[in-house]
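Next up, target-v8.cif (mmCIF, C-alpha atoms):
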```
data_input
loop_
_atom_site.label_atom_id
_atom_site.label_comp_id
_atom_site.auth_asym_id
_atom_site.auth_seq_id
_atom_site.Cartn_x
_atom_site.Cartn_y
_atom_site.Cartn_z
CA MET A 283 1.61 27.89 23.28
CA ILE A 284 0.27 26.21 20.17
CA LYS A 285 2.34 23.51 18.58
CA TYR A 286 1.73 23.34 14.85
CA SER A 287 2.30 20.32 12.70
CA ASN A 288 5.20 22.16 11.07
CA GLY A 289 7.04 21.96 14.36
CA LEU A 290 6.84 25.68 15.08
CA THR A 291 5.36 26.97 18.27
CA TYR A 292 3.64 30.32 18.73
CA LYS A 293 3.10 32.30 21.88
CA LYS A 294 -0.27 33.91 22.16
CA SER A 295 -0.34 37.65 22.50
CA GLN A 296 -4.07 38.26 22.33
CA THR A 297 -7.24 36.36 22.96
CA LYS A 298 -9.30 38.56 20.65
CA VAL A 299 -9.00 37.20 17.15
CA SER A 300 -10.99 37.52 13.99
CA SER A 301 -11.69 36.04 10.56
CA ASN A 302 -10.48 32.60 11.45
CA LYS A 303 -6.98 33.96 11.96
CA VAL A 304 -5.27 33.80 15.29
CA ALA A 305 -3.00 36.68 16.17
CA PHE A 306 0.34 35.71 17.61
CA SER A 307 3.42 37.56 18.73
CA PHE A 308 6.14 36.85 16.23
CA SER A 309 9.74 36.37 16.99
CA SER A 310 12.13 36.20 14.07
CA ALA A 311 12.04 32.43 14.54
CA ASN A 312 8.29 32.21 14.00
CA ARG A 313 7.99 32.68 10.29
CA GLY A 314 5.40 30.08 9.35
CA MET A 315 2.54 32.55 9.61
CA ALA A 316 4.52 35.18 7.72
CA LEU A 317 4.99 32.77 4.80
CA GLU A 318 1.25 32.16 4.74
CA GLU A 319 0.56 35.90 4.74
CA ASP A 320 2.99 36.41 1.85
CA ILE A 321 1.18 33.75 -0.19
CA ILE A 322 -2.24 35.24 0.62
CA GLN A 323 -1.03 38.69 -0.46
CA SER A 324 0.36 37.21 -3.68
CA ASN A 325 -2.95 35.41 -4.33
CA GLU A 326 -4.81 38.71 -3.95
CA TYR A 327 -2.46 40.18 -6.56
CA TYR A 328 -3.13 37.24 -8.91
CA LEU A 329 -6.89 37.64 -8.55
CA ARG A 330 -6.77 41.42 -9.14
CA ASN A 331 -4.80 40.75 -12.31
CA ASN A 332 -7.06 37.92 -13.52
CA MET A 333 -4.24 35.42 -13.36
CA ALA A 334 -5.53 32.88 -10.83
CA LEU A 335 -8.04 32.36 -8.04
CA ILE A 336 -6.27 30.61 -5.19
CA TYR A 337 -7.76 30.52 -1.70
CA LYS A 338 -6.54 29.68 1.75
CA ARG A 339 -8.69 26.82 3.00
CA PRO A 340 -10.48 27.66 6.23
CA THR A 341 -8.81 26.12 9.28
CA PRO A 342 -10.83 22.99 10.04
CA ILE A 343 -12.51 23.39 13.39
CA GLN A 344 -14.32 20.68 15.30
CA VAL A 345 -17.41 22.20 16.85
CA VAL A 346 -18.45 20.52 20.11
CA LYS A 347 -20.98 22.81 21.75
CA VAL A 348 -23.27 25.46 20.32
CA ASP A 349 -25.39 27.83 22.35
CA TYR A 350 -28.50 28.41 20.26
CA GLU A 351 -29.99 31.00 22.60
CA LYS A 352 -27.41 33.58 21.60
CA GLY A 353 -26.85 33.65 17.94
CA PRO A 354 -25.98 30.63 17.46
CA ARG A 355 -22.71 30.95 19.40
CA ILE A 356 -20.07 28.23 19.44
CA THR A 357 -18.95 27.77 23.05
CA GLU A 358 -16.62 24.79 22.69
CA ALA A 359 -14.54 23.87 19.65
CA TYR A 360 -11.06 22.65 18.77
CA PHE A 361 -8.60 23.09 15.91
CA SER A 362 -8.59 19.81 13.92
CA GLU A 363 -5.72 18.12 12.14
CA LYS A 364 -5.60 19.14 8.49
CA SER A 365 -6.38 16.30 6.09
CA THR A 366 -5.77 18.42 3.01
CA THR A 367 -3.50 21.36 2.20
CA ASP A 368 -3.26 25.10 2.75
CA PHE A 369 -4.33 26.46 -0.63
CA ASN A 370 -6.27 25.44 -3.69
CA GLY A 371 -7.86 27.07 -6.68
CA VAL A 372 -7.93 27.56 -10.42
CA TYR A 373 -5.09 28.56 -12.74
CA GLN A 374 -5.56 28.55 -16.52
CA GLY A 375 -8.62 26.36 -16.05
CA ARG A 376 -6.63 23.78 -14.14
CA TYR A 377 -6.93 22.73 -10.54
CA ILE A 378 -3.96 23.80 -8.40
CA ASP A 379 -3.17 22.67 -4.87
CA ILE A 380 -0.41 24.08 -2.68
CA GLU A 381 0.98 23.23 0.73
CA ALA A 382 3.23 25.81 2.37
CA LYS A 383 5.82 24.81 4.95
CA SER A 384 8.42 26.73 6.88
CA THR A 385 11.38 25.08 8.55
CA GLN A 386 13.93 26.38 11.05
CA SER A 387 16.54 23.97 9.78
CA LYS A 388 19.48 25.51 7.88
CA THR A 389 20.34 22.33 6.05
CA SER A 390 17.29 20.24 5.14
CA PHE A 391 13.50 20.02 5.20
CA PRO A 392 12.20 17.16 7.40
CA LEU A 393 9.56 15.06 5.63
CA SER A 394 7.89 14.53 9.03
CA ASN A 395 6.45 18.04 8.47
CA ILE A 396 4.06 16.51 5.93
CA THR A 397 1.30 14.30 7.29
CA LYS A 398 0.31 10.94 5.78
CA LYS A 399 -3.11 12.38 4.89
CA GLN A 400 -1.47 15.27 3.06
CA PHE A 401 0.67 12.86 1.01
CA GLU A 402 -2.46 10.88 0.16
CA HIS A 403 -4.37 14.03 -0.78
CA LEU A 404 -1.59 15.33 -3.04
CA SER A 405 -1.16 11.90 -4.67
CA ASN A 406 -4.88 11.95 -5.50
CA VAL A 407 -4.64 15.46 -6.95
CA ILE A 408 -1.75 14.37 -9.22
CA LYS A 409 -3.53 11.16 -10.25
CA LEU A 410 -6.56 13.18 -11.31
CA GLY A 411 -4.50 15.59 -13.40
CA GLY A 412 -4.29 18.54 -11.03
CA LEU A 413 -1.21 20.68 -10.36
CA ALA A 414 0.29 20.10 -6.91
CA PHE A 415 3.14 22.01 -5.31
CA PHE A 416 4.98 22.61 -2.08
CA ILE A 417 6.28 26.03 -1.15
CA VAL A 418 9.08 25.43 1.36
CA GLU A 419 10.75 28.21 3.29
CA PHE A 420 14.08 27.85 5.05
CA ALA A 421 13.36 30.69 7.46
CA LYS A 422 16.89 31.12 8.83
CA LEU A 423 18.41 31.11 5.35
CA GLN A 424 15.71 33.48 4.06
CA ARG A 425 15.29 31.22 1.04
CA THR A 426 11.97 29.93 -0.30
CA PHE A 427 11.52 27.21 -2.91
CA ILE A 428 8.63 25.93 -4.98
CA VAL A 429 8.73 22.27 -5.92
CA GLU A 430 6.28 19.88 -7.53
CA ALA A 431 4.59 17.61 -4.97
CA LYS A 432 5.44 14.74 -7.35
CA GLN A 433 9.16 15.32 -6.75
CA VAL A 434 8.72 15.33 -2.98
CA ILE A 435 6.68 12.12 -3.13
CA GLU A 436 9.36 10.49 -5.30
CA PHE A 437 12.06 11.58 -2.85
CA LYS A 438 10.06 10.08 0.02
CA ASN A 439 9.53 6.78 -1.82
CA ASN A 440 13.04 6.35 -3.23
CA GLU A 441 15.50 7.95 -0.84
CA GLU A 442 16.55 6.63 2.53
CA ARG A 443 16.95 10.00 4.16
CA ARG A 444 13.93 11.49 5.90
CA SER A 445 14.74 15.09 5.03
CA ILE A 446 15.37 16.91 1.76
CA PRO A 447 18.66 18.89 1.68
CA VAL A 448 18.67 22.51 0.51
CA SER A 449 20.94 21.50 -2.36
CA CYS A 450 18.27 19.08 -3.53
CA PHE A 451 15.66 21.89 -3.62
CA GLU A 452 18.05 23.82 -5.85
CA GLU A 453 17.95 20.87 -8.21
CA ILE A 454 14.32 19.69 -8.14
CA GLY A 455 12.66 23.05 -7.39
CA ARG A 456 13.00 26.74 -8.13
CA GLU A 457 14.01 29.44 -5.66
CA ILE A 458 11.31 32.11 -5.48
CA LYS A 459 12.58 35.69 -5.60
CA ARG A 460 10.93 38.01 -3.08
CA GLY A 461 9.31 41.21 -4.28
CA PHE A 462 6.92 43.93 -3.23
CA SER A 463 3.77 42.96 -5.11
CA PRO A 464 3.36 40.08 -5.34
CA ARG A 465 5.63 39.39 -2.39
CA LEU A 466 6.21 35.81 -3.48
CA ASP A 467 5.64 35.40 -7.20
CA TYR A 468 5.45 31.61 -7.17
CA LEU A 469 3.04 31.40 -10.11
CA SER A 470 5.69 32.38 -12.65
CA TYR A 471 7.59 29.23 -11.65
CA VAL A 472 4.50 27.05 -11.99
CA ASP A 473 4.52 27.71 -15.73
CA GLU A 474 8.24 27.09 -15.98
CA ILE A 475 8.19 23.88 -13.95
CA HIS A 476 5.20 22.64 -15.86
CA ARG A 477 6.73 23.27 -19.28
CA ASN A 478 9.79 21.24 -18.32
CA SER A 479 8.10 18.33 -16.58
CA MET B 200 -33.18 27.84 15.33
CA ILE B 201 -30.52 28.52 12.74
CA LYS B 202 -31.50 30.52 9.72
CA TYR B 203 -29.37 29.58 6.74
CA SER B 204 -28.71 31.77 3.75
CA ASN B 205 -30.78 29.37 1.68
CA GLY B 206 -33.81 30.43 3.66
CA LEU B 207 -34.24 27.12 5.47
CA THR B 208 -34.36 26.96 9.22
CA TYR B 209 -33.27 24.02 11.35
CA LYS B 210 -34.25 23.16 14.87
CA LYS B 211 -31.48 21.89 17.05
CA SER B 212 -31.85 18.44 18.52
CA GLN B 213 -28.46 18.05 20.12
CA THR B 214 -25.75 20.27 21.47
CA LYS B 215 -23.04 17.63 21.05
CA VAL B 216 -21.72 17.79 17.53
CA SER B 217 -18.60 16.63 15.78
CA SER B 218 -16.42 17.03 12.68
CA ASN B 219 -17.62 20.51 11.88
CA LYS B 220 -21.06 19.12 11.21
CA VAL B 221 -24.03 20.14 13.25
CA ALA B 222 -26.65 17.51 13.92
CA PHE B 223 -30.21 18.63 13.37
CA SER B 224 -33.58 17.00 13.61
CA PHE B 225 -34.94 16.70 10.12
CA SER B 226 -38.47 17.18 9.14
CA SER B 227 -39.42 16.40 5.57
CA ALA B 228 -39.24 20.12 4.96
CA ASN B 229 -35.59 20.35 5.99
CA ARG B 230 -33.81 18.80 3.08
CA GLY B 231 -30.87 21.18 2.59
CA MET B 232 -28.56 19.10 4.75
CA ALA B 233 -29.76 15.88 3.10
CA LEU B 234 -28.79 17.26 -0.33
CA GLU B 235 -25.34 18.08 1.00
CA GLU B 236 -24.96 14.57 2.43
CA ASP B 237 -25.97 13.05 -0.93
CA ILE B 238 -23.31 15.09 -2.71
CA ILE B 239 -20.66 14.16 -0.12
CA GLN B 240 -21.53 10.45 -0.53
CA SER B 241 -21.32 10.80 -4.31
CA ASN B 242 -17.94 12.54 -4.01
CA GLU B 243 -16.64 9.64 -1.91
CA TYR B 244 -17.77 7.30 -4.69
CA TYR B 245 -15.98 9.43 -7.31
CA LEU B 246 -12.75 9.42 -5.30
CA ARG B 247 -12.87 5.63 -4.71
CA ASN B 248 -13.27 5.18 -8.45
CA ASN B 249 -10.51 7.67 -9.39
CA MET B 250 -12.98 9.90 -11.19
CA ALA B 251 -12.71 13.15 -9.26
CA LEU B 252 -11.57 14.66 -5.97
CA ILE B 253 -14.25 17.07 -4.80
CA TYR B 254 -14.35 18.31 -1.22
CA LYS B 255 -16.84 20.08 0.97
CA ARG B 256 -15.24 23.32 2.06
CA PRO B 257 -15.02 23.61 5.84
CA THR B 258 -17.70 25.89 7.29
CA PRO B 259 -15.99 29.22 7.84
CA ILE B 260 -15.92 29.97 11.54
CA GLN B 261 -14.91 33.24 13.11
CA VAL B 262 -12.90 32.48 16.21
CA VAL B 263 -13.23 35.14 18.91
CA LYS B 264 -11.78 33.64 22.07
CA VAL B 265 -9.31 30.84 22.64
CA ASP B 266 -8.42 29.36 26.00
CA TYR B 267 -4.78 28.35 25.73
CA GLU B 268 -4.60 26.73 29.14
CA LYS B 269 -6.71 23.80 27.97
CA GLY B 270 -5.67 22.63 24.60
CA PRO B 271 -6.03 25.26 22.91
CA ARG B 272 -9.80 25.31 23.28
CA ILE B 273 -12.01 27.72 21.37
CA THR B 274 -14.52 29.18 23.82
CA GLU B 275 -16.27 31.73 21.63
CA ALA B 276 -16.79 31.57 17.88
CA TYR B 277 -19.47 32.21 15.27
CA PHE B 278 -20.49 30.76 11.93
CA SER B 279 -19.43 33.27 9.24
CA GLU B 280 -21.16 34.14 6.02
CA LYS B 281 -19.81 32.06 3.17
CA SER B 282 -17.89 34.09 0.58
CA THR B 283 -17.30 31.11 -1.68
CA THR B 284 -19.22 27.91 -2.43
CA ASP B 285 -19.92 24.49 -0.93
CA PHE B 286 -17.63 22.25 -2.95
CA ASN B 287 -14.51 22.45 -5.06
CA GLY B 288 -11.94 20.09 -6.48
CA VAL B 289 -10.34 18.51 -9.50
CA TYR B 290 -12.00 16.67 -12.38
CA GLN B 291 -9.98 15.57 -15.42
CA GLY B 292 -7.27 18.00 -14.40
CA ARG B 293 -9.69 20.89 -14.39
CA TYR B 294 -10.87 22.99 -11.49
CA ILE B 295 -14.52 22.42 -10.60
CA ASP B 296 -16.64 24.51 -8.24
CA ILE B 297 -20.16 23.64 -7.08
CA GLU B 298 -22.79 25.39 -5.00
CA ALA B 299 -25.71 23.26 -3.77
CA LYS B 300 -29.06 24.82 -2.96
CA SER B 301 -32.37 23.40 -1.82
CA THR B 302 -35.63 25.27 -2.13
CA GLN B 303 -39.08 24.59 -0.67
CA SER B 304 -40.75 26.32 -3.59
CA LYS B 305 -42.68 24.10 -5.99
CA THR B 306 -42.49 26.51 -8.88
CA SER B 307 -39.20 28.44 -8.99
CA PHE B 308 -35.80 28.94 -7.41
CA PRO B 309 -35.34 32.39 -5.84
CA LEU B 310 -32.07 34.04 -6.88
CA SER B 311 -31.93 35.68 -3.44
CA ASN B 312 -30.64 32.28 -2.24
CA ILE B 313 -27.30 33.13 -3.87
CA THR B 314 -25.22 35.83 -2.21
CA LYS B 315 -23.47 38.64 -4.10
CA LYS B 316 -20.10 37.24 -2.99
CA GLN B 317 -21.01 33.82 -4.38
CA PHE B 318 -21.93 35.34 -7.75
CA GLU B 319 -18.60 37.18 -7.77
CA HIS B 320 -16.70 34.05 -6.82
CA LEU B 321 -18.35 31.94 -9.54
CA SER B 322 -17.81 34.67 -12.14
CA ASN B 323 -14.11 34.64 -11.27
CA VAL B 324 -13.96 30.84 -11.56
CA ILE B 325 -15.54 31.00 -15.03
CA LYS B 326 -13.28 33.85 -16.15
CA LEU B 327 -10.22 31.82 -15.16
CA GLY B 328 -11.37 28.77 -17.10
CA GLY B 329 -12.76 26.64 -14.28
CA LEU B 330 -15.98 24.61 -14.35
CA ALA B 331 -18.74 26.11 -12.20
CA PHE B 332 -22.14 24.57 -11.45
CA PHE B 333 -25.19 24.85 -9.28
CA ILE B 334 -26.99 21.78 -8.01
CA VAL B 335 -30.54 22.93 -7.22
CA GLU B 336 -33.06 20.75 -5.42
CA PHE B 337 -36.79 21.38 -5.44
CA ALA B 338 -37.35 19.45 -2.21
CA LYS B 339 -41.14 19.22 -2.39
CA LEU B 340 -41.05 18.08 -6.02
CA GLN B 341 -38.23 15.62 -5.27
CA ARG B 342 -36.42 16.91 -8.35
CA THR B 343 -32.77 17.94 -8.50
CA PHE B 344 -31.07 19.77 -11.36
CA ILE B 345 -27.50 20.57 -12.31
CA VAL B 346 -26.96 23.75 -14.25
CA GLU B 347 -23.90 25.71 -15.31
CA ALA B 348 -23.28 28.75 -13.11
CA LYS B 349 -22.84 30.71 -16.35
CA GLN B 350 -26.51 30.08 -17.22
CA VAL B 351 -27.70 31.25 -13.80
CA ILE B 352 -25.57 34.39 -14.06
CA GLU B 353 -26.98 35.10 -17.54
CA PHE B 354 -30.53 34.63 -16.25
CA LYS B 355 -29.81 37.04 -13.39
CA ASN B 356 -28.35 39.66 -15.74
CA ASN B 357 -30.89 39.41 -18.55
CA GLU B 358 -34.25 38.44 -17.05
CA GLU B 359 -36.52 40.65 -15.01
CA ARG B 360 -37.80 37.91 -12.73
CA ARG B 361 -35.90 37.23 -9.56
CA SER B 362 -36.51 33.48 -9.56
CA ILE B 363 -35.81 30.72 -12.07
CA PRO B 364 -38.89 28.58 -12.91
CA VAL B 365 -38.67 24.77 -12.84
CA SER B 366 -39.45 24.74 -16.56
CA CYS B 367 -36.37 26.85 -17.16
CA PHE B 368 -34.17 24.35 -15.31
CA GLU B 369 -35.53 21.67 -17.64
CA GLU B 370 -34.23 23.78 -20.50
CA ILE B 371 -30.90 25.17 -19.29
CA GLY B 372 -29.97 22.31 -16.93
CA ARG B 373 -30.19 18.55 -16.58
CA GLU B 374 -32.32 16.66 -14.09
CA ILE B 375 -30.14 14.35 -12.00
CA LYS B 376 -31.47 10.82 -11.56
CA ARG B 377 -31.21 9.51 -8.00
CA GLY B 378 -29.47 6.20 -7.38
CA PHE B 379 -27.91 4.09 -4.65
CA SER B 380 -24.20 4.67 -5.23
CA PRO B 381 -23.56 7.36 -6.14
CA ARG B 382 -26.82 8.74 -4.78
CA LEU B 383 -26.63 11.78 -7.02
CA ASP B 384 -24.51 11.10 -10.08
CA TYR B 385 -24.10 14.71 -11.12
CA LEU B 386 -20.66 14.20 -12.68
CA SER B 387 -22.05 12.33 -15.68
CA TYR B 388 -23.99 15.50 -16.58
CA VAL B 389 -20.90 17.68 -16.21
CA ASP B 390 -19.40 15.91 -19.24
CA GLU B 391 -22.60 16.17 -21.20
CA ILE B 392 -23.19 19.83 -20.41
CA HIS B 393 -19.60 20.63 -21.19
CA ARG B 394 -19.60 18.89 -24.53
CA ASN B 395 -22.62 20.90 -25.59
CA SER B 396 -21.59 24.31 -24.30
#
```

Would you encode the structure as structure tokens?
Amino acid sequence: MIKYSNGLTYKKSQTKVSSNKVAFSFSSANRGMALEEDIIQSNEYYLRNNMALIYKRPTPIQVVKVDYEKGPRITEAYFSEKSTTDFNGVYQGRYIDIEAKSTQSKTSFPLSNITKKQFEHLSNVIKLGGLAFFIVEFAKLQRTFIVEAKQVIEFKNNEERRSIPVSCFEEIGREIKRGFSPRLDYLSYVDEIHRNS
Amino acid sequence: MIKYSNGLTYKKSQTKVSSNKVAFSFSSANRGMALEEDIIQSNEYYLRNNMALIYKRPTPIQVVKVDYEKGPRITEAYFSEKSTTDFNGVYQGRYIDIEAKSTQSKTSFPLSNITKKQFEHLSNVIKLGGLAFFIVEFAKLQRTFIVEAKQVIEFKNNEERRSIPVSCFEEIGREIKRGFSPRLDYLSYVDEIHRNS
């Protein structure tokens, strides 16, 4: 079992994995990885259509031992805590940074899902003029929202509650409609949010 | 021995390594890692001074086997070929992408140091309005240049020679003066190059 910072746990199904991805058996409750896959597929669509270049950051891995006789082959390493976010890239010349989160809650998104380092990173991006967003999925409601990181930071700093209610996402964010290609057309909302902010 | 895509080889000195960095014994000939460290130190300076947020991308690692009983602990993995570049981030709201290369040649920089995927990646960045640069060090000359990726791509497409002479860098790039903090103040040239391009 791997416990992710988003509070989800995954059971392993295989030990053979590739391309920095780990293959897990999904139950309907384990949607965090599915959200990531939907965003990656959408990013591939955006690149094919010359709209944006947005990459998944490689999972940070702490390498402890390397066998230089065979390759080199890494023989001991660990998944590290993320100090940044899931995705970044270029959109209309601008820097864009996105963190994707999935929650099992039906009512609100717990801010404890976002690490202190991630808040710091996103604050820096905003300060330096970059675009910064969260994509938040309420897995059991099958609803996904995009919201400016700025709004989430303001909520954290000004509100007493430690979780953002779904109704608040309806107000400060936009619900992303699901499609075939791209599966999650979040970029259309980036324009809209940005025009109005 | 590790053979890097930039043609340098490093001898291992230790098997204990940390933070995704591998510790090597440096000879004066092995300056590729030193260049990277200089850029990382400069980026830390830029962030402290609210000038830019530019990160080293994690080394892509292909995970093959994970032992879930202990951690999870990665027990077999390999360094993957890079499909993107060394650094990216945000500068004045814009996306910036940088590839750093060090060469042992005293006369010219071989274009074979840059992979096809890296050329594709940088072409995409430019097409989408991002800033894209190479920082090229002639280690034995102790000279380091910053040059727009666009210029390198044009050289590759239009010139017959498969390496860029030092004299050409003097023309299409800027030589970066070395200092104490930041050690390699490349960002000041980004403005200058951009104003004139």

Notebook entry, point to check: Which polymer residues have any atom within 7 Å of an atom of Gly328 (chain B), counting only C-alpha atoms, with same-chain residues fewer than 2 positions away left out, as a list of chain:residue names?
Noted result: A:Gln374, A:Gly375, B:Val324, B:Ile325, B:Lys326, B:Leu330

Item checked: Counting all atoms listed in the file, the residue of B:Arg361, B:Arg247, B:Lys349, B:His393 that sits nearest Phe318 (chain B) ->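 Checking each of B:Arg361, B:Arg247, B:Lys349, B:His393 against Phe318 (chain B), counting all atoms listed in the file, the winner is B:Lys349.
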
Checklist line | Distance in Å - CA of Glu442 (chain A) versus CA of Val429 (chain A) | finding: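 Straight-line distance from CA of Glu442 (chain A) to CA of Val429 (chain A) works out to 19.4 Å.
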
Note to self: Here's the selection I'm unsure about, the PyMOL selection byres ((chain B and resi 376) around 12); applied to the file above, which residues does it give, as a list in words?
What the structure shows: Glu336, Gln341, Arg342, Thr343, Phe344, Ile345, Arg373, Glu374, Ile375, Arg377, Gly378, Phe379, Ser380, Pro381, Arg382, Leu383, Asp384, Tyr385, Leu386, Ser387 and Tyr388 of chain B

Checklist line | Test item: the PyMOL selection byres ((chain A and resi 447) around 9) resolved as a ChimeraX atom specification | finding: /A:389-392,445-446,448-451

Give me a file of those residues, with C-alpha atoms, as a compact mmCIF listing (two decimals), in the coordinates of the input.
```
# COMPACT_ATOMS: atom_id res chain seq x y z
CA THR A 389 20.34 22.33 6.05
CA SER A 390 17.29 20.24 5.14
CA PHE A 391 13.50 20.02 5.20
CA PRO A 392 12.20 17.16 7.40
CA SER A 445 14.74 15.09 5.03
CA ILE A 446 15.37 16.91 1.76
CA VAL A 448 18.67 22.51 0.51
CA SER A 449 20.94 21.50 -2.36
CA CYS A 450 18.27 19.08 -3.53
CA PHE A 451 15.66 21.89 -3.62
```

Check: CA of Ile253 (chain B) to CA of Leu410 (chain A): how many Å, to one decimal?
Finding: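 Taking CA of Ile253 (chain B) as the start and CA of Leu410 (chain A) as the end point, the length is 10.8 Å.
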
Next item on the list: For Arg256 (chain B), list every protein, DNA or RNA residue within 8 Å, evaluated using only C-alpha atoms, and leave out those in the same chain fewer than 6 positions away; present the list as a list in words.
Entry: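 Near neighbours after the sequence-gap exclusion: Arg339 and Pro340 of chain A; Thr284, Asp285, Phe286 and Asn287 of chain B.
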
Next item on the list: Using the chain letters and residue numbers of this document, give as a VMD selection string the residues selected by the PyMOL selection byres ((chain A and resi 435) around 10).
Entry: chain A and resid 393 401 to 402 404 to 405 430 to 434 436 to 440

Checklist line | Pick from A:Ser365, A:Asn395, A:Asn331, A:Asn406, whichever lies nearest to chain B using all atoms listed in the file | finding: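 The answer is A:Asn406, which sits nearest to chain B.
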
Next item on the list: Quote the spacing between CA of Lys347 (chain A) and CA of Pro271 (chain B) in Å to one decimal place.
Entry: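 These two atoms are separated by 15.2 Å.
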
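For the choices B:Tyr294, B:Tyr244, B:Phe278, B:Tyr254, the atom-to-atom distance to chain A is smallest for B:Tyr294 when using all atoms listed in the file.
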
Item checked: Shortest interatomic distance to chain B - which of A:Tyr350, A:Tyr328, A:Phe420, A:Phe415, counting all atoms listed in the file -> A:Tyr350
